[in-house]
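Novice: My structure is in work_13.cif, and what it holds is mmCIF, C-alpha atoms:
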data_input
loop_
_atom_site.label_atom_id
_atom_site.label_comp_id
_atom_site.auth_asym_id
_atom_site.auth_seq_id
_atom_site.Cartn_x
_atom_site.Cartn_y
_atom_site.Cartn_z
CA MET A 1 49.27 96.94 214.23
CA ASP A 2 45.83 96.40 215.71
CA GLN A 3 44.51 99.85 216.57
CA SER A 4 40.92 98.70 217.19
CA ASP A 5 41.19 99.30 220.96
CA THR A 6 41.76 103.02 220.40
CA GLU A 7 39.45 103.87 217.48
CA ASP A 8 35.77 103.52 216.62
CA ILE A 9 34.65 100.49 214.65
CA THR A 10 33.83 102.26 211.38
CA THR A 11 37.28 103.84 211.30
CA THR A 12 38.74 100.39 211.89
CA ILE A 13 36.62 98.88 209.11
CA LEU A 14 37.60 101.56 206.61
CA ARG A 15 41.26 101.31 207.62
CA MET A 16 41.27 97.52 207.33
CA ASN A 17 39.61 97.70 203.90
CA ASN A 18 41.98 100.32 202.53
CA GLY A 19 43.79 98.69 199.64
CA SER A 20 41.29 95.89 199.13
CA THR A 21 41.08 94.57 195.58
CA GLU A 22 37.29 94.25 195.95
CA LEU A 23 34.99 97.01 194.68
CA LEU A 24 33.36 97.85 198.00
CA LEU A 25 30.10 99.79 198.21
CA GLU A 26 29.73 101.99 201.31
CA GLY A 27 33.23 100.93 202.36
CA ASP A 28 32.50 97.31 203.29
CA LEU A 29 29.84 95.83 200.98
CA MET A 30 31.10 93.40 198.34
CA MET A 31 29.45 93.45 194.95
CA PRO A 32 27.09 90.47 194.67
CA ARG A 33 27.60 88.00 191.82
CA THR A 34 24.02 86.78 191.55
CA ARG A 35 21.64 89.70 192.11
CA ASN A 36 21.14 93.45 192.10
CA ALA A 37 22.90 95.10 195.04
CA MET A 38 20.02 97.55 195.41
CA LYS A 39 17.42 94.85 195.96
CA CYS A 40 17.31 95.43 199.73
CA SER A 41 16.78 99.19 199.65
CA ARG A 42 13.09 99.56 198.78
CA LYS A 43 11.94 96.00 199.46
CA PRO A 44 13.97 94.49 202.29
CA ASP A 45 11.81 91.35 202.16
CA ASN A 46 13.60 90.52 198.90
CA CYS A 47 16.84 89.85 200.75
CA ARG A 48 15.47 88.56 204.04
CA TRP A 49 16.60 85.17 205.31
CA PRO A 50 13.65 82.73 205.39
CA LYS A 51 11.89 81.70 208.57
CA SER A 52 11.87 78.10 209.72
CA ALA A 53 8.72 76.26 210.74
CA ASN A 54 9.56 76.93 214.40
CA GLY A 55 9.34 80.70 213.85
CA ASN A 56 13.08 81.31 214.11
CA VAL A 57 15.29 82.58 211.29
CA GLU A 58 18.09 80.07 210.91
CA VAL A 59 21.29 81.44 209.36
CA PRO A 60 23.76 78.62 208.63
CA TYR A 61 27.44 79.43 208.84
CA VAL A 62 30.88 77.94 208.38
CA LEU A 63 33.65 79.31 210.57
CA SER A 64 37.14 79.03 209.09
CA SER A 65 39.64 76.74 210.81
CA LYS A 66 42.20 79.51 210.32
CA TYR A 67 40.76 81.32 213.36
CA ASP A 68 42.19 80.37 216.74
CA GLN A 69 39.93 79.45 219.66
CA SER A 70 39.87 82.98 221.09
CA GLU A 71 38.84 84.46 217.72
CA LYS A 72 36.14 81.84 217.30
CA ARG A 73 34.76 82.61 220.77
CA THR A 74 34.61 86.33 219.93
CA ILE A 75 32.70 85.67 216.68
CA LEU A 76 30.30 83.23 218.34
CA PHE A 77 29.66 85.61 221.24
CA ALA A 78 28.76 88.41 218.79
CA MET A 79 26.32 86.00 217.13
CA LYS A 80 24.83 85.00 220.48
CA ASP A 81 24.23 88.65 221.38
CA ILE A 82 22.09 88.97 218.23
CA GLU A 83 20.32 85.68 219.02
CA ASP A 84 19.55 86.78 222.58
CA ASN A 85 17.72 89.85 221.28
CA SER A 86 15.88 88.43 218.26
CA CYS A 87 14.59 85.31 216.52
CA ILE A 88 17.82 85.03 214.50
CA ARG A 89 19.59 81.72 215.13
CA TYR A 90 23.08 81.03 213.80
CA VAL A 91 23.46 77.32 213.11
CA PRO A 92 26.53 75.41 211.88
CA ARG A 93 26.02 74.53 208.25
CA ALA A 94 25.00 70.99 207.40
CA ARG A 95 23.99 70.77 203.74
CA GLN A 96 22.27 74.13 203.29
CA THR A 97 22.88 75.89 199.98
CA ALA A 98 22.64 79.37 201.48
CA TYR A 99 25.09 80.06 204.29
CA LEU A 100 27.67 82.49 205.62
CA ASN A 101 31.26 81.56 204.90
CA ILE A 102 33.19 83.39 207.63
CA LEU A 103 36.90 83.54 206.93
CA PRO A 104 39.94 85.81 207.42
CA ARG A 105 40.23 87.39 203.99
CA TYR A 106 41.52 90.92 203.47
CA GLY A 107 39.53 93.46 205.50
CA CYS A 108 36.08 93.49 207.12
CA ALA A 109 33.40 93.12 204.43
CA THR A 110 30.43 91.10 203.20
CA ILE A 111 27.48 91.00 200.78
CA LEU A 112 24.18 92.67 201.64
CA GLY A 113 21.29 90.45 202.71
CA TYR A 114 20.24 86.95 201.72
CA ASN A 115 21.19 85.80 198.24
CA GLY A 116 20.29 82.11 198.38
CA ASP A 117 23.87 80.88 198.02
CA LYS A 118 27.20 80.83 199.83
CA GLN A 119 28.19 84.34 200.81
CA THR A 120 31.50 85.48 202.18
CA VAL A 121 31.90 87.36 205.45
CA SER A 122 35.50 88.56 205.56
CA LEU A 123 36.78 89.15 209.10
CA GLN A 124 40.51 89.63 208.88
CA LYS A 125 42.66 88.72 211.85
CA PHE A 126 44.27 91.52 213.87
CA GLY A 127 41.65 94.18 213.20
CA CYS A 128 38.22 92.79 212.37
CA ILE A 129 37.78 90.30 215.23
CA GLU A 130 35.97 92.75 217.47
CA HIS A 131 32.44 92.44 218.84
CA GLY A 132 31.05 95.58 217.20
CA ILE A 133 32.72 94.99 213.84
CA ILE A 134 31.43 91.42 213.70
CA GLN A 135 27.89 92.58 214.50
CA HIS A 136 28.17 95.39 211.94
CA GLU A 137 29.00 92.90 209.18
CA LEU A 138 26.37 90.41 210.37
CA LEU A 139 23.71 93.12 210.20
CA HIS A 140 24.72 93.74 206.60
CA THR A 141 24.13 90.05 205.88
CA LEU A 142 20.66 90.39 207.45
CA GLY A 143 19.85 93.15 204.94
CA PHE A 144 20.75 96.43 206.65
CA TYR A 145 22.56 99.37 205.03
CA HIS A 146 24.55 102.02 206.85
CA GLU A 147 22.39 104.45 208.79
CA HIS A 148 23.51 107.58 206.93
CA MET A 149 22.21 106.14 203.63
CA ARG A 150 18.54 106.06 204.70
CA SER A 151 15.92 108.09 202.89
CA ASP A 152 15.29 110.68 205.62
CA ARG A 153 18.91 111.23 206.60
CA ASP A 154 18.97 114.90 205.50
CA GLN A 155 16.72 115.75 208.45
CA TYR A 156 19.29 114.37 210.89
CA VAL A 157 22.77 114.73 209.35
CA LYS A 158 24.50 117.08 206.95
CA ILE A 159 26.80 115.44 204.41
CA HIS A 160 29.82 117.60 203.51
CA ILE A 161 30.46 116.30 200.01
CA ASP A 162 33.24 118.83 199.37
CA ASN A 163 35.21 117.22 202.20
CA VAL A 164 34.93 113.68 200.81
CA MET A 165 37.99 112.08 199.26
CA LYS A 166 38.13 112.16 195.47
CA ASN A 167 36.07 109.43 193.78
CA PHE A 168 34.33 108.44 197.04
CA ASN A 169 31.16 110.56 196.75
CA PHE A 170 29.20 107.40 195.95
CA GLN A 171 29.77 106.24 199.55
CA PHE A 172 27.30 108.93 200.64
CA ARG A 173 24.39 108.20 198.34
CA LYS A 174 20.91 108.35 199.81
CA PHE A 175 18.57 105.43 199.11
CA ASP A 176 14.78 105.27 199.02
CA THR A 177 14.81 102.89 201.98
CA ASP A 178 12.13 101.19 204.04
CA ASN A 179 13.03 102.44 207.51
CA LEU A 180 10.63 100.02 209.23
CA ASN A 181 8.92 102.91 211.02
CA THR A 182 11.93 103.42 213.29
CA PRO A 183 13.65 106.71 214.18
CA TYR A 184 17.01 107.77 212.83
CA ASP A 185 19.61 106.27 215.15
CA TYR A 186 22.86 108.13 215.85
CA THR A 187 23.83 105.24 218.18
CA SER A 188 23.36 102.49 215.58
CA ILE A 189 26.17 100.01 215.08
CA MET A 190 25.62 100.83 211.38
CA HIS A 191 26.36 104.57 211.62
CA TYR A 192 29.48 106.08 210.04
CA THR A 193 31.78 108.38 211.97
CA ARG A 194 32.14 112.12 211.41
CA ARG A 195 35.31 111.82 209.36
CA ALA A 196 34.54 108.75 207.25
CA PHE A 197 36.23 109.09 203.83
CA GLY A 198 37.28 112.65 204.73
CA LYS A 199 40.05 114.42 202.81
CA ASP A 200 42.91 115.04 205.23
CA ASN A 201 40.71 113.66 208.01
CA SER A 202 38.11 116.41 207.51
CA VAL A 203 34.51 116.12 208.71
CA THR A 204 32.09 114.50 206.24
CA ILE A 205 29.01 113.96 208.46
CA THR A 206 27.59 116.43 210.99
CA PRO A 207 24.50 115.67 213.10
CA ILE A 208 21.73 118.28 212.90
CA PRO A 209 20.38 120.31 214.55
CA ASP A 210 22.80 119.45 217.40
CA ALA A 211 26.27 119.10 215.89
CA SER A 212 27.66 117.81 219.20
CA VAL A 213 25.71 114.54 219.10
CA THR A 214 27.99 111.50 219.15
CA ILE A 215 27.86 109.31 216.03
CA GLY A 216 29.62 106.15 214.94
CA LYS A 217 30.99 105.24 218.37
CA SER A 218 28.81 102.25 219.32
CA LYS A 219 30.51 98.97 220.22
CA ARG A 220 27.43 96.73 220.00
CA LEU A 221 23.84 96.69 218.75
CA SER A 222 21.75 99.66 219.81
CA ASN A 223 18.17 99.25 221.04
CA ILE A 224 16.92 100.52 217.69
CA ASP A 225 19.18 98.08 215.82
CA ILE A 226 17.49 95.31 217.79
CA LEU A 227 14.04 96.75 217.09
CA ARG A 228 14.75 96.82 213.35
CA ILE A 229 15.91 93.22 213.26
CA ASN A 230 12.75 92.16 215.03
CA ARG A 231 10.50 94.22 212.77
CA LEU A 232 12.15 93.09 209.53
CA TYR A 233 12.03 89.44 210.55
CA MET A 234 8.71 89.68 212.40
CA CYS A 235 10.18 88.15 215.53
#
Can you present the structure in this file as structure tokens?

Specialist:
Amino acid sequence: MDQSDTEDITTTILRMNNGSTELLLEGDLMMPRTRNAMKCSRKPDNCRWPKSANGNVEVPYVLSSKYDQSEKRTILFAMKDIEDNSCIRYVPRARQTAYLNILPRYGCATILGYNGDKQTVSLQKFGCIEHGIIQHELLHTLGFYHEHMRSDRDQYVKIHIDNVMKNFNFQFRKFDTDNLNTPYDYTSIMHYTRRAFGKDNSVTITPIPDASVTIGKSKRLSNIDILRINRLYMC
């Protein structure tokens, strides 16, 4: 059953990916076949899509014929929302070697950043075809990690490792990230919810100093998400 209308997008993503045969980092990042998965953390330029001569960043894509027209419209509208706020341009693939292959595999997941080859964006039917989830996965392909992984996160959230499900502590690692001189963003489309990977639905992330701050509830790009795209890609 599609519960995405009644739950936040990160809960939906983690629920949809439960049982996936892929080894998923951070819950929805597929292991790359051709490069180090950590390449984007300290030097995001290493996994940045190249700019075209016109100053835009063209990201070719193939959209699976298995989606119906309504699903295709939802995916394309999520792309257009990113385009309208940045120099990113999603273009149907012609002969490009590097492109996004968007198809309804199991769960909502993708590979981080640009890898110079075909890369899968899995958006399963009946769960992942939602504006915020699509944008969340597309931001991963542009090179962005989850917000709670950033280098200065301990100033803004407390991670309750004892509450994390067994063998899932690695989902809460902190990276030495380039934060593009932007503030920590509780409203980011990339932020986990309070109970992500929690044992018996217990709290794993608490905002500090104000524990009542809402996290992980955004349905579309935040203003800071947009700012980061534009700074990373020098739009």

Novice: Would you work out the distance separating CA of Arg231 (chain A) from CA of Arg48 (chain A), expressed in Å to one decimal?

Specialist: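 Separation between CA of Arg231 (chain A) and CA of Arg48 (chain A): 11.5 Å.
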
Novice: I need the residue nearest Thr12 (chain A) from this list: A:Ser212, A:Ile229, A:Ile133, A:Asp200. Use only C-alpha atoms for the distance.

Specialist: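 Among the listed residues, A:Ile133 lies closest to Thr12 (chain A).
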
Novice: Considering only C-alpha atoms, tabulate each residue of region 83-151 of chain A that lies at most 12 Å from region 180-199 of chain A along with its nearest interatomic pair and the corresponding distance in Å to one decimal; arrange the rows by chain and ascending residue number and present them as CSV.

Specialist:
residue,atom,partner,partner_atom,distance
A:His131,CA,A:Ile189,CA,10.5
A:Gly132,CA,A:Ile189,CA,6.9
A:Ile133,CA,A:Ile189,CA,8.3
A:Ile134,CA,A:Ile189,CA,10.2
A:Gln135,CA,A:Ile189,CA,7.6
A:His136,CA,A:Ile189,CA,5.9
A:Glu137,CA,A:Met190,CA,8.9
A:Leu138,CA,A:Met190,CA,10.5
A:Leu139,CA,A:Met190,CA,8.0
A:His140,CA,A:Met190,CA,8.6
A:Gly143,CA,A:Met190,CA,11.6
A:Phe144,CA,A:Met190,CA,8.1
A:Tyr145,CA,A:Met190,CA,7.2
A:His146,CA,A:Met190,CA,4.8
A:Glu147,CA,A:His191,CA,4.9
A:His148,CA,A:His191,CA,6.3
A:Met149,CA,A:His191,CA,9.1
A:Arg150,CA,A:Tyr184,CA,8.4
A:Ser151,CA,A:Tyr184,CA,10.0

Novice: For the file shown, what are the residues hit by the PyMOL selection byres ((chain A and resi 105) around 12), laid out as an MDAnalysis selection string?

Specialist: chainID A and resid 16:17 20:22 64 66:67 101:104 106:110 120:129

Novice: Could you list as a PDB file with C-alpha atoms, keeping the file's coordinate frame every residue that has an atom within 9 Å of (26.1, 84.1, 205.3), using the file's coordinates and counting all atoms listed in the file?

Specialist:
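Output file point_36.pdb follows:
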ATOM      1  CA  VAL A  59      21.290  81.440 209.360  1.00  0.00           C
ATOM      2  CA  PRO A  60      23.760  78.620 208.630  1.00  0.00           C
ATOM      3  CA  TYR A  61      27.440  79.430 208.840  1.00  0.00           C
ATOM      4  CA  VAL A  62      30.880  77.940 208.380  1.00  0.00           C
ATOM      5  CA  ALA A  98      22.640  79.370 201.480  1.00  0.00           C
ATOM      6  CA  TYR A  99      25.090  80.060 204.290  1.00  0.00           C
ATOM      7  CA  LEU A 100      27.670  82.490 205.620  1.00  0.00           C
ATOM      8  CA  ASN A 101      31.260  81.560 204.900  1.00  0.00           C
ATOM      9  CA  ILE A 102      33.190  83.390 207.630  1.00  0.00           C
ATOM     10  CA  THR A 110      30.430  91.100 203.200  1.00  0.00           C
ATOM     11  CA  ILE A 111      27.480  91.000 200.780  1.00  0.00           C
ATOM     12  CA  GLY A 113      21.290  90.450 202.710  1.00  0.00           C
ATOM     13  CA  TYR A 114      20.240  86.950 201.720  1.00  0.00           C
ATOM     14  CA  ASN A 115      21.190  85.800 198.240  1.00  0.00           C
ATOM     15  CA  ASP A 117      23.870  80.880 198.020  1.00  0.00           C
ATOM     16  CA  LYS A 118      27.200  80.830 199.830  1.00  0.00           C
ATOM     17  CA  GLN A 119      28.190  84.340 200.810  1.00  0.00           C
ATOM     18  CA  THR A 120      31.500  85.480 202.180  1.00  0.00           C
ATOM     19  CA  VAL A 121      31.900  87.360 205.450  1.00  0.00           C
ATOM     20  CA  LEU A 138      26.370  90.410 210.370  1.00  0.00           C
ATOM     21  CA  THR A 141      24.130  90.050 205.880  1.00  0.00           C
ATOM     22  CA  LEU A 142      20.660  90.390 207.450  1.00  0.00           C
TER      23      LEU A 142
END

Novice: Could you work out an axis-aligned box for region 153-167 of chain A, taking every atom the file lists and adding 3 Å on each side, and report centre and edge lengths in Å to one decimal, as lines of an AutoDock Vina configuration file?

Specialist:
center_x = 27.4
center_y = 114.1
center_z = 202.3
size_x = 27.4
size_y = 15.4
size_z = 23.1

Novice: How many Å separate CA of Arg95 (chain A) from CA of Thr74 (chain A)?

Specialist: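 Result for CA of Arg95 (chain A) versus CA of Thr74 (chain A): 24.8 Å, one decimal.
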
Novice: Find the distance between CA of Arg89 (chain A) and CA of Lys72 (chain A) and write it in Å to one decimal.

Specialist: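 Computing it gives 16.7 Å between the two atoms.
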
Novice: If we count only C-alpha atoms and set the cut-off at 6 Å, which residues sit around Thr206 (chain A), ignoring sequence neighbours fewer than 5 positions away in its own chain? Please answer as a count of residues only.

Specialist: 3

Novice: Give me the result of the PyMOL selection byres ((chain A and resi 163) around 8) on this file, residue by residue, as a VMD selection string.

Specialist: chain A and resid 160 to 162 164 to 165 198 to 199 202 to 204

Novice: Kindly save the residues from that selection, with C-alpha atoms included, as a tab-separated table (two decimals), keeping the file's coordinate frame.

Specialist:
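Written out: out11.tsv:
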chain	number	residue	atom	x	y	z
A	160	HIS	CA	29.82	117.60	203.51
A	161	ILE	CA	30.46	116.30	200.01
A	162	ASP	CA	33.24	118.83	199.37
A	164	VAL	CA	34.93	113.68	200.81
A	165	MET	CA	37.99	112.08	199.26
A	198	GLY	CA	37.28	112.65	204.73
A	199	LYS	CA	40.05	114.42	202.81
A	202	SER	CA	38.11	116.41	207.51
A	203	VAL	CA	34.51	116.12	208.71
A	204	THR	CA	32.09	114.50	206.24

Novice: What's the 9 Å shell around Asp8 (chain A), counting only C-alpha atoms, without same-chain residues fewer than 5 positions away, as a PyMOL selection string?

Specialist: chain A and resi 13+193+216-219

Novice: Choose the residue, out of A:Glu7, A:Glu130, A:Glu71, A:Asp84, that has the smallest atom-to-atom separation from Arg220 (chain A); count all atoms listed in the file.

Specialist: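 Of the candidates, the smallest distance to Arg220 (chain A) is held by A:Glu130.
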
Novice: Looking at A:Ile205, A:Asn230, A:Cys47, A:Gly116, which one is nearest to Ile159 (chain A), with distances taken over all atoms listed in the file?

Specialist: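 For Ile159 (chain A), the nearest of the candidates is A:Ile205.
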
Novice: Between A:Ser70, A:Ile88, A:Val213, A:Asn167, which is the closest to Ile226 (chain A) once you count all atoms listed in the file?

Specialist: A:Ile88
